[in-house]
Amino acid sequence: MGVMERSQVEKVRRRAAACKVDPRARRAFHISSVLLAEREIPISEHRPLELPFADLLTFSCLESDRRPILVIAPLAGAFPVLLRDLVLGLLRHRATVAVTDWFDARFVPKAAGRFGLKDNISYVLHMTRTLRSNPHIVAVCQGVIPALAATALLSANEPEAAPCSLTLVAGPIDPLANPTRAVRLARSRSLSWFERNVIEAVPSGYPGEGRRVYPKALQLRTLTAYIARHTAEGRELFWKLMNDDGADPVGFPFWSLMLSLMDLPAEFFLEHIRSVFHNQDLSQGTLQVGGARVDLRAIQRTALMTLEGEEDDIAGPGQTQAAHALCPAIPAKKHEHVAVPRSGHFSLFHGTICRSRVVPEMAQFMMRAEQNWTGSHRKRQAAH
């Protein structure tokens with residue numbers, strides 16, 4: 001089976017079965033249809049994989065048999081529903097869009113065990129295998145590290161399961177390529193400082209009682225200061241909160257998507273800071289998962305696109321684009337980079353810019369990737 005051995009998978013499944021998900025642990029997308037060519041196309045929702053810290057959530061229609069898309073939502077504090085606009089946009093181009101539906105760790109019992117960065121990567125591996133059909137992967141913000149690592153591990157150990165394409169959106173592949181205020185803050189503090197100052201135990205009365213987390217209350221303080229800075233400077237969040245350009249500003253107002261936060265597992269939060277911002281393990285070639293080194297040079301067939309906002313002050317321009325130089329075995333024609341003008345971080349997956357510029361770029365890239373994938377597959381068959 002590769003990096004996540006069958007025994008590990010079965011262990012995770014048993015834990016998931018023993019820990020019924022509290023309905024407060026997640027926030028629903030409520031996608032029952034999409035408008036396509038002035039027609040309402042019904043959408044069905046399924047959960048083909050249920051794990052202790054996330055479900056694989058799929059939205060499907062019967063209009064097409066195209067290759068599925070797996071959206072890797074970030075474990076950054078907001079619920080995955082923050083990417084609802086992006087999911088809706090992709091549904092208009094694809095038959096099935098799947099999402100990593102991460103849970104609020106406050107409602108995950110301690111019996112479910114720990115959840116760190118390597119577990120995050122293993123979940124992406126497991127979900128990719130579950131979808132089969134060499135899906136397209138779209139990863140956003142913190143999701144880019146586990147998505148790129150999982151693609152490398154599949155390419156090296158299970159090439160038949162590697163994704164057809166990988167789209168990385170506004171994430172810290174190389175945070176030092178263009179350090180933002182967020183990067184400088186993460187690097188200026190030791191792990192012990194973060195552990196002392198932002199990690200707490202879930203109080204009694206919750207299913208996750210005793211679990212160590214980065215709680216939503218402390219996250220809200222940081223987010224409030226960030227919004228205040230954008231307001232004072234007239235930046236992206238000020239305008240999005242003043243003039244909500246989302247697909248459904250009444251049912252899913254942007255302020256609600258932004259401010260509905262969830263507790264993060266302490267081990268994930270701390271390991272992400274250490275591995276991504278302090279040590280740059282992925283770009284330095286020192287990241288290991290399940291005893292296997294993550295070698296980005298193993299990625300050969302998967303097409304790679306990076307998307308950055310020119311005004312992004314979280315993952316500054318250049319941080320995500322750095323992935324291309326780290327994946328030299330991918331043929332030149334399968335590398336694409338898009339810099340989106342007048343876009344901050346959040347406009348890449350929410351609102352007008354997402355719908356009019358980002359999603360069409362992704363859809364065209366995926367179409368080209370499928371054509372190249374099919375062509376190379378036929379050549380290999382002919383060679384044999």
# chains A, B, ... in the order shown; residues from 1 in each chain; ligands from 1

$ residues_around --residues "Ile31 in chain A" --least-positions-apart "4" --cutoff "10 Å" --atoms "only C-alpha atoms" --output "list in words"
Pro42, Ile43, Ser44, Glu45, Phe59, Arg84, Val87 and Leu88 of chain A

$ residues_around --residues "range 320-333 of chain A" --least-positions-apart "6" --cutoff "7 Å" --atoms "only C-alpha atoms" --output "compact mmCIF listing (two decimals) with N, CA and C atoms, in the first residue's frame"
# COMPACT_ATOMS: atom_id res chain seq x y z
N LEU A 168 -1.31 24.39 -6.76
CA LEU A 168 -0.97 24.93 -5.45
C LEU A 168 -1.35 26.41 -5.41
N ALA A 170 -1.39 29.85 -3.20
CA ALA A 170 -1.04 30.74 -2.09
C ALA A 170 -0.59 30.03 -0.84
N GLY A 171 0.44 29.19 -0.98
CA GLY A 171 0.95 28.47 0.18
C GLY A 171 2.46 28.60 0.33
N PRO A 172 2.98 28.33 1.53
CA PRO A 172 4.40 28.57 1.84
C PRO A 172 5.32 27.42 1.46
N ILE A 173 5.45 27.14 0.17
CA ILE A 173 6.41 26.12 -0.26
C ILE A 173 7.82 26.54 0.15
N ASP A 174 8.16 27.78 -0.09
CA ASP A 174 9.43 28.35 0.39
C ASP A 174 9.11 29.70 1.02
N SER A 283 11.45 21.76 1.25
CA SER A 283 12.36 22.31 0.24
C SER A 283 13.80 21.87 0.48
N LEU A 296 10.93 15.39 -3.91
CA LEU A 296 10.11 16.06 -4.92
C LEU A 296 10.58 15.76 -6.34
N ARG A 297 11.80 15.29 -6.48
CA ARG A 297 12.30 14.92 -7.81
C ARG A 297 11.61 13.68 -8.35
N ALA A 298 10.86 12.98 -7.50
CA ALA A 298 10.15 11.78 -7.96
C ALA A 298 8.92 12.13 -8.79
N ILE A 299 8.46 13.37 -8.70
CA ILE A 299 7.26 13.77 -9.44
C ILE A 299 7.63 13.98 -10.90
N GLN A 300 7.05 13.18 -11.78
CA GLN A 300 7.38 13.25 -13.21
C GLN A 300 6.16 13.44 -14.09
N ARG A 301 5.09 12.67 -13.83
CA ARG A 301 3.93 12.70 -14.72
C ARG A 301 2.91 13.77 -14.33
N THR A 306 1.02 26.68 -10.16
CA THR A 306 1.02 27.50 -8.95
C THR A 306 0.24 28.79 -9.24
N GLU A 308 -0.71 32.58 -7.46
CA GLU A 308 -0.40 33.55 -6.41
C GLU A 308 -1.13 34.86 -6.66

$ closest_residue --among "A:Val138, A:Ala217, A:Leu49, A:Leu154" --to "Phe365 in chain A" --atoms "only C-alpha atoms"
A:Val138

$ select_by_dssp --residues "range 49-292 of chain A" --states "strand (DSSP E or B)" --output "ChimeraX atom specification"
/A:49-50,54-60,69-72,78,96-102,136-140,165-169,200-201,212-214,261,264-265,288-289,292

$ write_last_selection --atoms "C-alpha atoms" --output "mmCIF file, in the first residue's frame"
data_model
loop_
_atom_site.group_PDB
_atom_site.id
_atom_site.type_symbol
_atom_site.label_atom_id
_atom_site.label_comp_id
_atom_site.auth_asym_id
_atom_site.auth_seq_id
_atom_site.Cartn_x
_atom_site.Cartn_y
_atom_site.Cartn_z
ATOM 1 C CA LEU A 49 -14.223 8.049 3.786
ATOM 2 C CA GLU A 50 -14.680 8.876 7.463
ATOM 3 C CA ALA A 54 -11.710 14.646 8.808
ATOM 4 C CA ASP A 55 -14.109 13.137 6.320
ATOM 5 C CA LEU A 56 -13.624 12.952 2.599
ATOM 6 C CA LEU A 57 -16.643 14.968 1.456
ATOM 7 C CA THR A 58 -17.703 14.635 -2.190
ATOM 8 C CA PHE A 59 -20.111 16.666 -4.307
ATOM 9 C CA SER A 60 -21.217 14.956 -7.513
ATOM 10 C CA ILE A 69 -10.905 16.984 -8.161
ATOM 11 C CA LEU A 70 -9.668 16.771 -4.583
ATOM 12 C CA VAL A 71 -9.549 20.131 -2.795
ATOM 13 C CA ILE A 72 -7.099 20.172 0.123
ATOM 14 C CA ALA A 78 -11.338 28.516 9.489
ATOM 15 C CA THR A 96 -17.087 15.342 -8.738
ATOM 16 C CA VAL A 97 -15.335 17.723 -6.378
ATOM 17 C CA ALA A 98 -14.080 16.276 -3.097
ATOM 18 C CA VAL A 99 -12.997 18.267 -0.037
ATOM 19 C CA THR A 100 -10.927 17.439 3.029
ATOM 20 C CA ASP A 101 -13.579 18.256 5.632
ATOM 21 C CA TRP A 102 -11.392 18.881 8.703
ATOM 22 C CA HIS A 136 -6.672 16.484 -9.940
ATOM 23 C CA ILE A 137 -5.559 18.000 -6.632
ATOM 24 C CA VAL A 138 -6.106 21.633 -5.695
ATOM 25 C CA ALA A 139 -4.414 22.719 -2.452
ATOM 26 C CA VAL A 140 -4.900 26.054 -0.720
ATOM 27 C CA SER A 165 -2.383 17.450 -11.902
ATOM 28 C CA LEU A 166 -1.513 19.446 -8.811
ATOM 29 C CA THR A 167 -2.555 23.078 -8.364
ATOM 30 C CA LEU A 168 -0.972 24.931 -5.450
ATOM 31 C CA VAL A 169 -2.689 28.142 -4.341
ATOM 32 C CA GLU A 200 -4.305 25.069 25.847
ATOM 33 C CA ALA A 201 -6.147 21.916 26.918
ATOM 34 C CA ARG A 212 -4.089 20.040 23.594
ATOM 35 C CA VAL A 213 -5.150 22.589 20.973
ATOM 36 C CA TYR A 214 -4.518 26.020 19.525
ATOM 37 C CA LEU A 261 -13.107 29.216 13.661
ATOM 38 C CA LEU A 264 -6.444 23.100 15.799
ATOM 39 C CA PRO A 265 -4.562 20.059 17.160
ATOM 40 C CA GLN A 288 10.063 12.066 6.130
ATOM 41 C CA VAL A 289 6.687 10.344 6.387
ATOM 42 C CA ALA A 292 10.126 7.391 3.647
#

$ closest_residue --among "A:Val144, A:Ala232, A:Leu90, A:Leu220" --to "Leu75 in chain A" --atoms "only C-alpha atoms"
A:Val144

$ residues_around --residues "Met367 in chain A" --least-positions-apart "2" --cutoff "12 Å" --atoms "only C-alpha atoms" --output "PDB file with C-alpha atoms, in the first residue's frame"
ATOM      1  CA  ARG A  66     -14.693  13.678 -15.906  1.00  0.00           C
ATOM      2  CA  ARG A  67     -11.772  13.012 -13.606  1.00  0.00           C
ATOM      3  CA  PRO A  68     -12.519  14.056  -9.989  1.00  0.00           C
ATOM      4  CA  ILE A  69     -10.905  16.984  -8.161  1.00  0.00           C
ATOM      5  CA  HIS A  93     -16.434  22.292 -14.713  1.00  0.00           C
ATOM      6  CA  ARG A  94     -16.263  18.805 -13.169  1.00  0.00           C
ATOM      7  CA  HIS A 136      -6.672  16.484  -9.940  1.00  0.00           C
ATOM      8  CA  CYS A 164      -3.002  13.840 -12.916  1.00  0.00           C
ATOM      9  CA  SER A 165      -2.383  17.450 -11.902  1.00  0.00           C
ATOM     10  CA  ALA A 303       1.346  18.519 -14.114  1.00  0.00           C
ATOM     11  CA  LYS A 334       3.603  20.640 -17.580  1.00  0.00           C
ATOM     12  CA  PRO A 360     -11.171  29.269 -15.393  1.00  0.00           C
ATOM     13  CA  GLU A 361      -7.350  29.096 -15.189  1.00  0.00           C
ATOM     14  CA  MET A 362      -7.609  25.896 -13.143  1.00  0.00           C
ATOM     15  CA  ALA A 363     -10.157  24.330 -15.487  1.00  0.00           C
ATOM     16  CA  GLN A 364      -8.053  25.005 -18.583  1.00  0.00           C
ATOM     17  CA  PHE A 365      -4.922  23.718 -16.875  1.00  0.00           C
ATOM     18  CA  ALA A 369      -3.077  18.001 -18.033  1.00  0.00           C
ATOM     19  CA  GLU A 370      -5.607  15.304 -18.930  1.00  0.00           C
ATOM     20  CA  GLN A 371      -4.689  15.483 -22.601  1.00  0.00           C
ATOM     21  CA  ASN A 372      -0.988  15.113 -21.769  1.00  0.00           C
ATOM     22  CA  TRP A 373      -1.707  12.313 -19.289  1.00  0.00           C
ATOM     23  CA  THR A 374      -3.754  10.352 -21.827  1.00  0.00           C
TER      24      THR A 374
END

$ closest_residue --among "A:Ser260, A:Ala112, A:Arg27, A:Ser343" --to "Gly208 in chain A" --atoms "only C-alpha atoms"
A:Ala112

$ closest_residue --among "A:Ala182, A:Pro135, A:Gly290, A:Ala266" --to "Gly113 in chain A" --atoms "only C-alpha atoms"
A:Ala266

$ closest_residue --among "A:Ser347, A:Ser190, A:Gln280, A:Ser122" --to "Leu241 in chain A" --atoms "only C-alpha atoms"
A:Ser347

$ atom_distance --atom1 "CA of Arg221 in chain A" --atom2 "CA of Met262 in chain A"
13.3 Å

$ residues_around --residues "Lys110 in chain A" --least-positions-apart "5" --cutoff "9 Å" --atoms "only C-alpha atoms" --output "number ranges by chain"
A: 207-211

$ write_last_selection --atoms "C-alpha atoms" --output "PDB file, in the first residue's frame"
ATOM      1  CA  PRO A 207     -15.770  15.404  23.563  1.00  0.00           C
ATOM      2  CA  GLY A 208     -12.115  16.411  23.192  1.00  0.00           C
ATOM      3  CA  GLU A 209     -11.658  17.123  26.890  1.00  0.00           C
ATOM      4  CA  GLY A 210      -7.948  17.202  27.750  1.00  0.00           C
ATOM      5  CA  ARG A 211      -6.735  17.364  24.131  1.00  0.00           C
TER       6      ARG A 211
END

$ atom_distance --atom1 "CA of Asp104 in chain A" --atom2 "CA of Asp119 in chain A"
15.7 Å

$ atom_distance --atom1 "CA of Leu282 in chain A" --atom2 "CA of Asn197 in chain A"
26.7 Å

$ select_by_dssp --residues "range 42-277 of chain A" --states "alpha helix (DSSP H)" --output "PyMOL selection string"
chain A and resi 84-91+117-131+144-157+181-188+191-198+216-233+236-242+254-259+266-272

$ closest_residue --among "A:Gly246, A:Pro80, A:His46, A:His278" --to "Ser356 in chain A" --atoms "only C-alpha atoms"
A:Gly246
